[in-house]
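Have a look at the structure below, then the notes.
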Protein chains: 2
Amino acid sequence: MTTAYDCLQHDQHDPLASLREQFALPADVIYLDGNSLGAQPKAAAKRAMQVIEQEWGTDLIRSWNSAGWFDLPSRLGDLLAPLIGANPAEVVITDSTSINLFKALAAALQLQAQQHPQKKVIVSERSNFPTDLYIIEGITQWLQRGYELRLVDSVSELSIAVDQDVAAVVLTQVNYRSGELLDMAATTALAHAHDALIIWDLSHSAGAVPVDLNGARADYAIGCCYKYLNGGPGAPAFIWVAPRHLADFQHPLSGWWGHTSPFAMQSGFIPTPSIRRALCGTQPIISLALIEIGLATFKSTDMTAVRKKSLHLTDLFIELVEQNCSTHGLELITPRAHAKRGSHVSFLHPHAYSIIQALIRRGIIGDYREPSVMRFGFTPLYTSYMDVWNAADALRDILDNNSYEINTPRYTVT
Amino acid sequence: MTTAYDCLQHDQHDPLASLREQFALPADVIYLDGNSLGAQPKAAAKRAMQVIEQEWGTDLIRSWNSAGWFDLPSRLGDLLAPLIGANPAEVVITDSTSINLFKALAAALQLQAQQHPQKKVIVSERSNFPTDLYIIEGITQWLQRGYELRLVDSVSELSIAVDQDVAAVVLTQVNYRSGELLDMAATTALAHAHDALIIWDLSHSAGAVPVDLNGARADYAIGCCYKYLNGGPGAPAFIWVAPRHLADFQHPLSGWWGHTSPFAMQSGFIPTPSIRRALCGTQPIISLALIEIGLATFKSTDMTAVRKKSLHLTDLFIELVEQNCSTHGLELITPRAHAKRGSHVSFLHPHAYSIIQALIRRGIIGDYREPSVMRFGFTPLYTSYMDVWNAADALRDILDNNSYEINTPRYTVT
């Protein structure tokens with residue numbers, strides 16, 4: 001039985017403990033929602049001032065060159081690359097996750113149409129983050145070439161669902177609701193065994209779990225920079241293309257930033273040979289520049305250490321909640337096996353929304369997801385073991401005393 | 001013959017003169033590139049600090065509701081609407097101009113495919129900003145439904161080029177090179193006379209010339225917020241859809257922000273009835289929020305006053321350059337007729353690039369555009385008549401004394 005004193009001891013021996021100092025977390029908040037919006041690195045404000053006052057205000061248009069604005073998508077991509085098992089010049093940061101999925105799926109379908117034109121099925125998971133499914137739907141309905149979306153109810157069905165008809169598989173590595181972590185290498189191998197291409201959405205895994213895109217021989221990856229990567233609210237997203245597919249990477253969002261000579265103002269679109277062919281139009285520089293600050297929060301650690309603490313935090317939370325709240329009908333939907341768990345933990349409860357609201361009133365910020373899911377994100381860079389203790393204890397107190405009002409759900413963005 | 005004293009007098013009687021105080025322009029710069037990147041409003045830094053430190057840092061995930069982050073695209077769209085002749089709830093600010101053109105053209109082609117399936121031609125101008133042409137190319141190549149791009153060499157050819165085969169016309173209202181301003185009402189009427197839909201790119205006209213989208217009965221419009229609207233480098237762009245087309249506005253970038261119930265996490269994409277169906281994924285909040293500051297720079301004036309000063313500034317610059325530099329082989333490519341002129345003035349010269357570089361070394365920031373174009377933007381909110389005098393005088397001095405080096409072009413983003 002773990003005690004508060006044990007948690008204090010864990011914090012005292014935590015090699016990542018000092019990293020919390022990088023973040024501007026309010027003193028009265030225990031923030032368990034870094035999987036939705038990463039906390040603010042203290043250095044972000046200063047960097048924003050530099051971009052606004054010096055680069056924009058003083059240097060003006062010259063900053064496209066002098067401050068490297070135009071190169072930001074690739075320079076930031078190079079900084080991100082080691083966190084996801086990619087090499088420099090394989091990733092760019094640009095646009096939104098949804099739009100990057102659109103590009104990747106468009107390119108994958110175009111490649112398959114050349115190589116395996118009979119393949120007409122796209123496989124995904126029914127519980128994938130809905131926007132991924134909406135984008136697949138948008139592409140297939142628009143192409144009108146007989147593409148069909150095949151949804152599995154559980155990833156255990158993938159081995160049957162992925163067959164010779166499948167052109168592309170679109171999966172999120174860590175499920176946004178359950179926190180289930182998929183085996184990227186095995187699932188990629190399954191897709192490849194049937195000549196299917198696979199697109200990984202890393203929104204809930206980049207910066208949370210070790211990712212090895214090249215090691216797994218993944219085909220494409222996209223993901224979000226404002227969750228575990230701490231890039232700021234709505235920060236632009238990333239897109240990675242396996243080098244072997246780069247020459248064939250073509251998508252209909254062929255804007256000038258992806259052109260081989262963007263400033264020559266040529267007629268006729270010729271995609272640049274590099275990963276910058278995944279770019280489209282001009283990028284929001286201030287939001288983009290702050291991603292560098294978010295990525296810098298990983299500088300003095302590595303994903304092995306982050307993962308080790310993440311599993312310890314989530315193990316501890318599961319243990320404490322089960323120890324404290326066993327009579328209250330909570331149902332754990334996050335896998336217990338380490339190999340299948342991301343960095344958040346979710347429980348079902350009929351009054352999940354009201355309980356989360358009660359926690360938030362106490363300064364403990366978790367997240368409600370439809371339907372009936374209480375979701376708690378653990379960010380090793382700034383979550384302490386005492387945070388876990390206090391959150392679990394507050395949850396116990398709220399449940400023991402029925403101190404939540406059963407009110408109508410209001411939704412929050414996550 | 002206009003004198004420096006005349007210019008001083010114009011400044012003293014300029015009803016917009018005090019607006020310059022809103023901007024953080026460096027003292028040693030004459031900035032004639034606001035048509036590429038609008039100057040920094042002084043209030044931008046404070047607003048950015050508020051978003052970063054209070055909304056992101058302290059309020060964290062709660063700001064999606066409490067700070068109205070989720071509503072920003074429509075709230076900012078409502079603020080922009082009066083500058084472009086739109087009504088509230090008709091425009092959103094989101095993504096990039098290129099991506100918004102993709103959405104508008106996709107929706108237009110889908111609508112035409114239902115109503116006039118035989119129409120397979122898209123008309124644009126050969127000298128349109130290249131990314132607009134690249135996006136048209138991307139869509140048509142990808143759809144593989146026999147669409148054809150018909151480019152006119154001059155807008156005078158539009159009356160012949162727009163015929164019964166034309167599905168859509170894509171035009172930029174103010175040409176990025178020449179500064180030529182098109183008659184939106186007449187050109188829209190021409191398109192409609194042939195049952196073609198028209199998409200207006202307002203990147204170089206929003207905030208520069210009066211625009212009346214509803215008055216002209218335009219169909220769709222897109223444009224940039226970081227030029228005359230002063231929204232900050234790479235700020236997200238806008239998209240407007242005529243209310244009569246809104247119910248049919250469907251595009252393949254069907255992300256969750258355009259869903260009728262984005263937080264219910266439903267399977268199956270159902271577009272929201274409102275203009276928010278033009279949204280796709282999560283937006284870069286810090287860059288987006290600063291657009292409000294840019295739009296606020298128009299608060300104490302109106303587009304009639306802005307236009308009056310704009311024409312006076314561009315008239316004056318043309319007059320002074322022609323008066324001072326008549327022997328140096330400059331060729332004006334901007335129309336002299338007020339009705340055909342936007343808010344920038346362009347001259348051709350064989351050494352245009354080197355001359356622009358020489359001006360920049362003197363703190364006079366104009367712009368070079370391929371091939372051989374010197375481009376000077378006049379922003380009535382912060383350009384003074386003495387700026388015009390000094391710029392024309394410096395140009396004269398550089399040309400008279402051959403004080404520019406003939407060097408190899410380096411490109412800048414504009």
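Chain labels run A, B, ... following the order of the structure tokens; each chain numbers its residues from 1, and ligands are numbered from 1 in the order shown.
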Considering only C-alpha atoms, return as a ChimeraX atom specification whatever protein or nucleic-acid residues lie within 7 Å of stretch 220-232 of chain A, sequence-local ones (same chain, fewer than 6 positions apart) excluded. /A:34-40,97,100-101,104,198-203,206-208,238-242,290-291,293-295,379
May I have the residues of chain A within 7 Å of chain B, counting only C-alpha atoms, written as a short mmCIF file (atom, residue, chain, number, x, y, z; two decimals) with all heavy atoms, in the first residue's frame?
data_model
loop_
_atom_site.label_atom_id
_atom_site.label_comp_id
_atom_site.auth_asym_id
_atom_site.auth_seq_id
_atom_site.Cartn_x
_atom_site.Cartn_y
_atom_site.Cartn_z
N ALA A 24 5.48 27.31 -16.25
CA ALA A 24 4.80 28.35 -15.47
C ALA A 24 3.48 27.83 -14.92
O ALA A 24 2.43 28.43 -15.14
CB ALA A 24 4.55 29.56 -16.37
N LEU A 25 3.49 26.71 -14.22
CA LEU A 25 2.23 26.15 -13.71
C LEU A 25 1.74 26.95 -12.50
O LEU A 25 2.52 27.28 -11.61
CB LEU A 25 2.44 24.69 -13.32
CG LEU A 25 2.54 23.74 -14.49
CD1 LEU A 25 3.18 22.42 -14.07
CD2 LEU A 25 1.17 23.49 -15.11
N PRO A 26 0.44 27.25 -12.46
CA PRO A 26 -0.08 27.98 -11.29
C PRO A 26 0.08 27.13 -10.02
O PRO A 26 -0.06 25.91 -10.06
CB PRO A 26 -1.57 28.16 -11.61
CG PRO A 26 -1.74 27.79 -13.04
CD PRO A 26 -0.60 26.91 -13.44
N LEU A 37 -3.48 20.02 -23.67
CA LEU A 37 -2.73 21.26 -23.91
C LEU A 37 -1.53 21.25 -22.97
O LEU A 37 -1.71 21.35 -21.75
CB LEU A 37 -3.58 22.51 -23.65
CG LEU A 37 -2.82 23.84 -23.68
CD1 LEU A 37 -2.25 24.13 -25.07
CD2 LEU A 37 -3.71 25.00 -23.23
N ALA A 39 1.59 22.41 -20.77
CA ALA A 39 1.76 23.62 -19.95
C ALA A 39 2.71 24.60 -20.64
O ALA A 39 3.44 24.25 -21.57
CB ALA A 39 2.31 23.23 -18.58
N GLN A 40 2.69 25.83 -20.15
CA GLN A 40 3.47 26.90 -20.77
C GLN A 40 4.91 26.91 -20.27
O GLN A 40 5.16 27.12 -19.09
CB GLN A 40 2.84 28.25 -20.45
CG GLN A 40 3.54 29.43 -21.11
CD GLN A 40 3.71 30.60 -20.15
OE1 GLN A 40 2.82 30.90 -19.38
NE2 GLN A 40 4.87 31.24 -20.20
N ALA A 45 7.25 33.24 -23.21
CA ALA A 45 6.88 34.66 -23.24
C ALA A 45 8.02 35.50 -23.81
O ALA A 45 7.80 36.38 -24.66
CB ALA A 45 6.52 35.12 -21.82
N MET A 49 8.06 37.74 -27.30
CA MET A 49 8.42 39.17 -27.34
C MET A 49 9.49 39.42 -28.40
O MET A 49 9.46 40.42 -29.11
CB MET A 49 8.95 39.62 -25.98
CG MET A 49 7.89 39.93 -24.97
SD MET A 49 6.63 41.12 -25.54
CE MET A 49 5.45 39.98 -26.23
N ILE A 52 7.89 39.22 -31.80
CA ILE A 52 6.97 40.34 -32.08
C ILE A 52 7.73 41.66 -32.17
O ILE A 52 7.57 42.41 -33.14
CB ILE A 52 5.86 40.40 -31.01
CG1 ILE A 52 4.95 39.17 -31.15
CG2 ILE A 52 5.06 41.69 -31.12
CD1 ILE A 52 3.95 39.00 -30.04
N TRP A 56 9.37 40.97 -35.99
CA TRP A 56 8.26 41.60 -36.72
C TRP A 56 8.40 43.14 -36.68
O TRP A 56 8.47 43.80 -37.71
CB TRP A 56 6.93 41.13 -36.15
CG TRP A 56 5.68 41.74 -36.74
CD1 TRP A 56 5.57 42.46 -37.91
CD2 TRP A 56 4.36 41.70 -36.18
NE1 TRP A 56 4.26 42.85 -38.10
CE2 TRP A 56 3.50 42.39 -37.06
CE3 TRP A 56 3.81 41.13 -35.03
CZ2 TRP A 56 2.12 42.53 -36.81
CZ3 TRP A 56 2.44 41.27 -34.78
CH2 TRP A 56 1.62 41.96 -35.67
N GLY A 57 8.45 43.69 -35.47
CA GLY A 57 8.38 45.14 -35.31
C GLY A 57 9.55 45.89 -35.93
O GLY A 57 9.37 46.89 -36.62
N THR A 58 10.76 45.43 -35.68
CA THR A 58 11.94 46.17 -36.12
C THR A 58 12.48 45.67 -37.47
O THR A 58 12.74 46.46 -38.37
CB THR A 58 13.05 46.07 -35.05
OG1 THR A 58 12.53 46.60 -33.84
CG2 THR A 58 14.30 46.86 -35.47
N LEU A 60 10.97 43.61 -39.58
CA LEU A 60 9.88 43.60 -40.55
C LEU A 60 10.07 42.51 -41.61
O LEU A 60 10.46 41.40 -41.27
CB LEU A 60 9.75 45.01 -41.17
CG LEU A 60 9.18 46.07 -40.17
CD1 LEU A 60 9.64 47.47 -40.50
CD2 LEU A 60 7.65 46.01 -40.19
N ILE A 61 9.80 42.82 -42.84
CA ILE A 61 9.81 41.83 -43.92
C ILE A 61 11.15 41.10 -44.03
O ILE A 61 11.22 39.96 -44.48
CB ILE A 61 9.44 42.52 -45.25
CG1 ILE A 61 9.15 41.51 -46.34
CG2 ILE A 61 10.51 43.53 -45.69
CD1 ILE A 61 7.88 40.76 -46.12
N TRP A 64 11.93 37.27 -42.87
CA TRP A 64 11.73 36.00 -43.60
C TRP A 64 13.08 35.34 -43.86
O TRP A 64 13.19 34.12 -43.82
CB TRP A 64 10.97 36.24 -44.91
CG TRP A 64 9.51 36.45 -44.67
CD1 TRP A 64 8.82 37.62 -44.80
CD2 TRP A 64 8.55 35.48 -44.24
NE1 TRP A 64 7.50 37.43 -44.47
CE2 TRP A 64 7.30 36.13 -44.13
CE3 TRP A 64 8.62 34.11 -43.94
CZ2 TRP A 64 6.13 35.47 -43.73
CZ3 TRP A 64 7.46 33.45 -43.54
CH2 TRP A 64 6.23 34.13 -43.43
N ASN A 65 14.10 36.17 -44.12
CA ASN A 65 15.44 35.62 -44.28
C ASN A 65 16.25 35.72 -43.00
O ASN A 65 16.76 34.73 -42.49
CB ASN A 65 16.19 36.36 -45.39
CG ASN A 65 15.54 36.14 -46.74
OD1 ASN A 65 15.19 35.02 -47.09
ND2 ASN A 65 15.34 37.21 -47.48
N SER A 96 -2.29 22.03 -39.65
CA SER A 96 -2.88 21.30 -38.52
C SER A 96 -2.75 19.80 -38.73
O SER A 96 -2.49 19.33 -39.84
CB SER A 96 -4.35 21.68 -38.36
OG SER A 96 -5.11 21.22 -39.46
N THR A 97 -2.97 19.04 -37.67
CA THR A 97 -2.91 17.58 -37.78
C THR A 97 -3.90 17.07 -38.82
O THR A 97 -3.57 16.20 -39.64
CB THR A 97 -3.19 16.93 -36.41
OG1 THR A 97 -2.34 17.53 -35.43
CG2 THR A 97 -2.94 15.45 -36.44
N SER A 98 -5.11 17.61 -38.80
CA SER A 98 -6.13 17.16 -39.76
C SER A 98 -5.66 17.39 -41.19
O SER A 98 -5.80 16.52 -42.05
CB SER A 98 -7.44 17.93 -39.53
OG SER A 98 -7.97 17.66 -38.25
N ILE A 99 -5.12 18.57 -41.45
CA ILE A 99 -4.68 18.89 -42.81
C ILE A 99 -3.48 18.03 -43.19
O ILE A 99 -3.37 17.57 -44.34
CB ILE A 99 -4.41 20.41 -42.93
CG1 ILE A 99 -5.77 21.13 -42.98
CG2 ILE A 99 -3.55 20.74 -44.15
CD1 ILE A 99 -5.70 22.62 -42.92
N PRO A 130 -12.13 11.37 -33.74
CA PRO A 130 -13.06 11.51 -34.86
C PRO A 130 -12.54 12.30 -36.05
O PRO A 130 -12.85 11.97 -37.19
CB PRO A 130 -14.28 12.18 -34.21
CG PRO A 130 -14.25 11.70 -32.80
CD PRO A 130 -12.78 11.63 -32.45
N THR A 131 -11.75 13.35 -35.82
CA THR A 131 -11.34 14.16 -36.97
C THR A 131 -10.55 13.32 -37.97
O THR A 131 -10.61 13.57 -39.18
CB THR A 131 -10.56 15.42 -36.53
OG1 THR A 131 -10.63 16.41 -37.57
CG2 THR A 131 -9.11 15.13 -36.20
N TYR A 134 -13.12 11.74 -40.00
CA TYR A 134 -13.79 12.73 -40.86
C TYR A 134 -12.92 13.06 -42.09
O TYR A 134 -13.42 13.29 -43.19
CB TYR A 134 -14.05 14.04 -40.10
CG TYR A 134 -14.91 13.92 -38.86
CD1 TYR A 134 -14.81 14.87 -37.85
CD2 TYR A 134 -15.82 12.88 -38.68
CE1 TYR A 134 -15.60 14.80 -36.70
CE2 TYR A 134 -16.59 12.79 -37.53
CZ TYR A 134 -16.48 13.76 -36.54
OH TYR A 134 -17.24 13.69 -35.41
N ILE A 135 -11.63 13.14 -41.87
CA ILE A 135 -10.73 13.45 -42.99
C ILE A 135 -10.71 12.29 -43.99
O ILE A 135 -10.77 12.51 -45.22
CB ILE A 135 -9.31 13.76 -42.47
CG1 ILE A 135 -9.29 15.10 -41.70
CG2 ILE A 135 -8.28 13.77 -43.60
CD1 ILE A 135 -9.45 16.35 -42.55
N GLY A 138 -13.79 12.62 -45.87
CA GLY A 138 -13.72 13.74 -46.81
C GLY A 138 -13.00 13.35 -48.09
O GLY A 138 -13.46 13.63 -49.20
N ILE A 139 -11.87 12.69 -47.94
CA ILE A 139 -11.09 12.30 -49.12
C ILE A 139 -11.85 11.28 -49.96
O ILE A 139 -11.96 11.42 -51.18
CB ILE A 139 -9.73 11.71 -48.70
CG1 ILE A 139 -8.83 12.80 -48.12
CG2 ILE A 139 -9.05 11.00 -49.87
CD1 ILE A 139 -7.38 12.38 -47.94
N TRP A 142 -14.88 12.51 -51.78
CA TRP A 142 -14.56 13.50 -52.78
C TRP A 142 -13.94 12.86 -54.01
O TRP A 142 -14.19 13.29 -55.13
CB TRP A 142 -13.60 14.50 -52.13
CG TRP A 142 -13.73 15.84 -52.69
CD1 TRP A 142 -14.86 16.61 -52.73
CD2 TRP A 142 -12.69 16.58 -53.29
NE1 TRP A 142 -14.57 17.79 -53.32
CE2 TRP A 142 -13.26 17.81 -53.68
CE3 TRP A 142 -11.35 16.34 -53.53
CZ2 TRP A 142 -12.51 18.79 -54.30
CZ3 TRP A 142 -10.62 17.33 -54.14
CH2 TRP A 142 -11.20 18.54 -54.53
N LEU A 143 -13.13 11.82 -53.77
CA LEU A 143 -12.49 11.17 -54.92
C LEU A 143 -13.49 10.37 -55.75
O LEU A 143 -13.30 10.21 -56.95
CB LEU A 143 -11.38 10.24 -54.43
CG LEU A 143 -10.05 10.91 -54.09
CD1 LEU A 143 -9.05 9.88 -53.60
CD2 LEU A 143 -9.49 11.64 -55.30
N PRO A 233 -0.99 26.69 -27.46
CA PRO A 233 -2.35 26.34 -27.89
C PRO A 233 -2.50 26.35 -29.41
O PRO A 233 -2.24 27.35 -30.06
CB PRO A 233 -3.22 27.42 -27.23
CG PRO A 233 -2.29 28.52 -26.82
CD PRO A 233 -0.97 27.87 -26.56
N GLY A 234 -2.93 25.21 -29.94
CA GLY A 234 -3.17 25.10 -31.37
C GLY A 234 -1.93 25.21 -32.23
O GLY A 234 -2.03 25.45 -33.44
N ALA A 235 -0.74 25.04 -31.65
CA ALA A 235 0.51 25.13 -32.41
C ALA A 235 0.44 24.26 -33.66
O ALA A 235 -0.18 23.20 -33.64
CB ALA A 235 1.68 24.70 -31.54
N PRO A 236 1.07 24.69 -34.75
CA PRO A 236 1.08 23.88 -35.96
C PRO A 236 1.57 22.45 -35.69
O PRO A 236 2.26 22.18 -34.71
CB PRO A 236 2.03 24.64 -36.89
CG PRO A 236 1.86 26.07 -36.47
CD PRO A 236 1.71 26.01 -34.97
N PRO A 252 -2.84 17.14 -53.12
CA PRO A 252 -3.46 18.25 -53.88
C PRO A 252 -3.32 19.62 -53.22
O PRO A 252 -3.68 20.61 -53.84
CB PRO A 252 -4.93 17.83 -53.98
CG PRO A 252 -5.15 16.90 -52.85
CD PRO A 252 -3.84 16.22 -52.56
N LEU A 253 -2.82 19.70 -51.98
CA LEU A 253 -2.63 21.01 -51.34
C LEU A 253 -1.28 21.58 -51.79
O LEU A 253 -0.40 21.89 -50.98
CB LEU A 253 -2.71 20.88 -49.81
CG LEU A 253 -4.10 20.52 -49.27
CD1 LEU A 253 -4.04 20.17 -47.79
CD2 LEU A 253 -5.08 21.66 -49.51
N SER A 254 -1.15 21.73 -53.09
CA SER A 254 0.12 22.11 -53.70
C SER A 254 0.29 23.62 -53.70
O SER A 254 0.14 24.28 -54.72
CB SER A 254 0.19 21.55 -55.12
OG SER A 254 -1.03 21.79 -55.81
N GLY A 255 0.60 24.16 -52.54
CA GLY A 255 0.83 25.60 -52.43
C GLY A 255 2.29 25.95 -52.63
O GLY A 255 3.17 25.08 -52.69
N TRP A 256 2.56 27.24 -52.69
CA TRP A 256 3.88 27.73 -53.10
C TRP A 256 5.01 27.33 -52.15
O TRP A 256 6.16 27.21 -52.59
CB TRP A 256 3.86 29.24 -53.31
CG TRP A 256 3.64 30.11 -52.12
CD1 TRP A 256 2.69 29.96 -51.16
CD2 TRP A 256 4.37 31.29 -51.78
NE1 TRP A 256 2.79 30.97 -50.24
CE2 TRP A 256 3.81 31.81 -50.59
CE3 TRP A 256 5.44 31.96 -52.37
CZ2 TRP A 256 4.29 32.96 -49.97
CZ3 TRP A 256 5.92 33.11 -51.75
CH2 TRP A 256 5.35 33.60 -50.56
N PHE A 263 10.15 31.31 -54.79
CA PHE A 263 10.21 32.75 -55.04
C PHE A 263 10.46 33.11 -56.49
O PHE A 263 10.52 34.28 -56.84
CB PHE A 263 11.27 33.39 -54.14
CG PHE A 263 11.03 33.04 -52.72
CD1 PHE A 263 11.93 32.28 -52.00
CD2 PHE A 263 9.84 33.42 -52.12
CE1 PHE A 263 11.66 31.92 -50.69
CE2 PHE A 263 9.57 33.06 -50.81
CZ PHE A 263 10.49 32.32 -50.10
N ALA A 264 10.60 32.10 -57.32
CA ALA A 264 10.77 32.39 -58.74
C ALA A 264 9.42 32.69 -59.39
O ALA A 264 9.36 33.20 -60.50
CB ALA A 264 11.44 31.22 -59.43
N MET A 265 8.34 32.40 -58.68
CA MET A 265 6.99 32.70 -59.15
C MET A 265 6.75 32.10 -60.54
O MET A 265 6.25 32.75 -61.44
CB MET A 265 6.75 34.21 -59.17
CG MET A 265 6.93 34.88 -57.83
SD MET A 265 5.65 34.36 -56.65
CE MET A 265 6.40 34.89 -55.09
N GLN A 266 7.16 30.85 -60.66
CA GLN A 266 6.96 30.15 -61.94
C GLN A 266 5.52 29.71 -62.08
O GLN A 266 4.85 29.44 -61.10
CB GLN A 266 7.83 28.88 -61.98
CG GLN A 266 9.31 29.15 -61.98
CD GLN A 266 10.11 27.89 -61.72
OE1 GLN A 266 9.55 26.87 -61.31
NE2 GLN A 266 11.40 27.97 -61.96
N SER A 267 5.10 29.58 -63.32
CA SER A 267 3.81 28.93 -63.53
C SER A 267 4.08 27.43 -63.56
O SER A 267 5.12 26.97 -64.01
CB SER A 267 3.17 29.39 -64.83
OG SER A 267 3.98 29.05 -65.92
N GLY A 268 3.14 26.66 -63.07
CA GLY A 268 3.29 25.20 -63.05
C GLY A 268 3.91 24.75 -61.75
O GLY A 268 4.99 25.19 -61.37
N PHE A 269 3.21 23.87 -61.05
CA PHE A 269 3.69 23.42 -59.74
C PHE A 269 4.70 22.29 -59.90
O PHE A 269 4.39 21.24 -60.47
CB PHE A 269 2.53 22.94 -58.87
CG PHE A 269 2.98 22.57 -57.49
CD1 PHE A 269 3.30 23.55 -56.57
CD2 PHE A 269 3.13 21.23 -57.13
CE1 PHE A 269 3.75 23.22 -55.30
CE2 PHE A 269 3.56 20.90 -55.86
CZ PHE A 269 3.88 21.88 -54.94
N CYS A 280 2.35 23.87 -47.66
CA CYS A 280 1.38 24.43 -48.60
C CYS A 280 1.53 25.95 -48.63
O CYS A 280 2.26 26.48 -49.45
CB CYS A 280 -0.03 24.00 -48.21
SG CYS A 280 -1.32 24.64 -49.30
N GLY A 281 0.88 26.67 -47.71
CA GLY A 281 0.93 28.13 -47.73
C GLY A 281 1.73 28.69 -46.57
O GLY A 281 2.37 27.95 -45.81
N THR A 282 1.68 30.01 -46.43
CA THR A 282 2.43 30.73 -45.41
C THR A 282 2.00 30.30 -44.01
O THR A 282 0.81 30.09 -43.75
CB THR A 282 2.21 32.24 -45.60
OG1 THR A 282 2.53 32.55 -46.96
CG2 THR A 282 3.11 33.05 -44.69
N GLN A 283 2.98 30.16 -43.13
CA GLN A 283 2.73 29.62 -41.78
C GLN A 283 2.61 30.72 -40.73
O GLN A 283 3.25 31.77 -40.85
CB GLN A 283 3.85 28.65 -41.41
CG GLN A 283 3.82 27.39 -42.25
CD GLN A 283 2.50 26.66 -42.11
OE1 GLN A 283 2.13 26.23 -41.03
NE2 GLN A 283 1.74 26.56 -43.20
N PRO A 284 1.84 30.46 -39.67
CA PRO A 284 1.66 31.45 -38.59
C PRO A 284 2.90 31.51 -37.72
O PRO A 284 3.09 30.69 -36.81
CB PRO A 284 0.45 30.89 -37.82
CG PRO A 284 0.49 29.42 -38.07
CD PRO A 284 1.07 29.23 -39.45
N ILE A 285 3.75 32.48 -38.00
CA ILE A 285 5.12 32.50 -37.48
C ILE A 285 5.19 32.56 -35.96
O ILE A 285 6.02 31.89 -35.35
CB ILE A 285 5.91 33.66 -38.12
CG1 ILE A 285 6.07 33.41 -39.63
CG2 ILE A 285 7.27 33.83 -37.45
CD1 ILE A 285 6.78 32.13 -40.00
N ILE A 286 4.35 33.35 -35.33
CA ILE A 286 4.49 33.49 -33.88
C ILE A 286 4.16 32.17 -33.19
O ILE A 286 4.93 31.67 -32.37
CB ILE A 286 3.65 34.68 -33.36
CG1 ILE A 286 4.13 35.96 -34.06
CG2 ILE A 286 3.80 34.81 -31.84
CD1 ILE A 286 3.22 37.14 -33.88
N SER A 287 3.05 31.58 -33.55
CA SER A 287 2.71 30.27 -32.98
C SER A 287 3.77 29.23 -33.35
O SER A 287 4.14 28.38 -32.53
CB SER A 287 1.35 29.80 -33.49
OG SER A 287 0.30 30.47 -32.81
N GLU A 370 -16.43 12.26 -23.96
CA GLU A 370 -17.66 11.53 -24.23
C GLU A 370 -17.35 10.07 -24.53
O GLU A 370 -16.39 9.81 -25.26
CB GLU A 370 -18.38 12.15 -25.43
CG GLU A 370 -19.02 13.48 -25.14
CD GLU A 370 -20.32 13.35 -24.36
OE1 GLU A 370 -20.99 12.30 -24.47
OE2 GLU A 370 -20.63 14.29 -23.63
N TYR A 411 -19.06 20.82 -22.99
CA TYR A 411 -17.86 20.22 -23.57
C TYR A 411 -16.68 21.17 -23.54
O TYR A 411 -16.84 22.37 -23.64
CB TYR A 411 -18.14 19.79 -25.00
CG TYR A 411 -19.34 18.89 -25.08
CD1 TYR A 411 -20.46 19.26 -25.77
CD2 TYR A 411 -19.35 17.69 -24.38
CE1 TYR A 411 -21.57 18.46 -25.81
CE2 TYR A 411 -20.46 16.88 -24.41
CZ TYR A 411 -21.58 17.27 -25.12
OH TYR A 411 -22.67 16.47 -25.15
N THR A 412 -15.52 20.61 -23.43
CA THR A 412 -14.30 21.39 -23.55
C THR A 412 -13.44 20.78 -24.64
O THR A 412 -13.54 19.58 -24.91
CB THR A 412 -13.49 21.39 -22.23
OG1 THR A 412 -13.35 20.04 -21.81
CG2 THR A 412 -14.19 22.19 -21.16
N VAL A 413 -12.64 21.58 -25.26
CA VAL A 413 -11.76 21.11 -26.34
C VAL A 413 -10.58 20.35 -25.75
O VAL A 413 -10.01 20.79 -24.76
CB VAL A 413 -11.20 22.28 -27.15
CG1 VAL A 413 -10.22 21.77 -28.19
CG2 VAL A 413 -12.30 23.04 -27.82
#
What gap, in Å, lies between atom CA of B:Asp195 and atom CA of B:Asn87?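 If I compute the distance from atom CA of B:Asp195 to atom CA of B:Asn87, I get 24.3 Å.
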Would you return as number ranges by chain the members of stretch 40-226 of chain B that DSSP assigns to helix (DSSP H, G or I) on this structure's backbone? B: 43-58, 60-66, 72-84, 97-115, 130-143, 155-161, 184-193
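The space between atom CA of B:Ile84 and atom CA of B:Ala305 spans 14.6 Å.
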Tell me, as a PyMOL selection string, which residues lie within 8 Å of B:Leu246, counting only C-alpha atoms; anything in the same chain fewer than 5 positions away does not count. chain B and resi 241+273-275
If you keep N, CA and C atoms, can you produce a file of those selected residues as a compact mmCIF listing (two decimals), in the first residue's frame?
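The new file part-v4.txt reads:
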# COMPACT_ATOMS: atom_id res chain seq x y z
N VAL B 241 -18.08 32.95 -47.61
CA VAL B 241 -18.96 32.22 -48.52
C VAL B 241 -20.27 33.00 -48.59
N PRO B 273 -24.16 23.96 -39.87
CA PRO B 273 -24.84 24.82 -40.85
C PRO B 273 -24.15 26.16 -41.06
N SER B 274 -23.37 26.62 -40.11
CA SER B 274 -22.81 27.97 -40.18
C SER B 274 -21.54 28.02 -41.03
N ILE B 275 -20.98 29.21 -41.17
CA ILE B 275 -19.74 29.41 -41.91
C ILE B 275 -18.59 28.63 -41.27
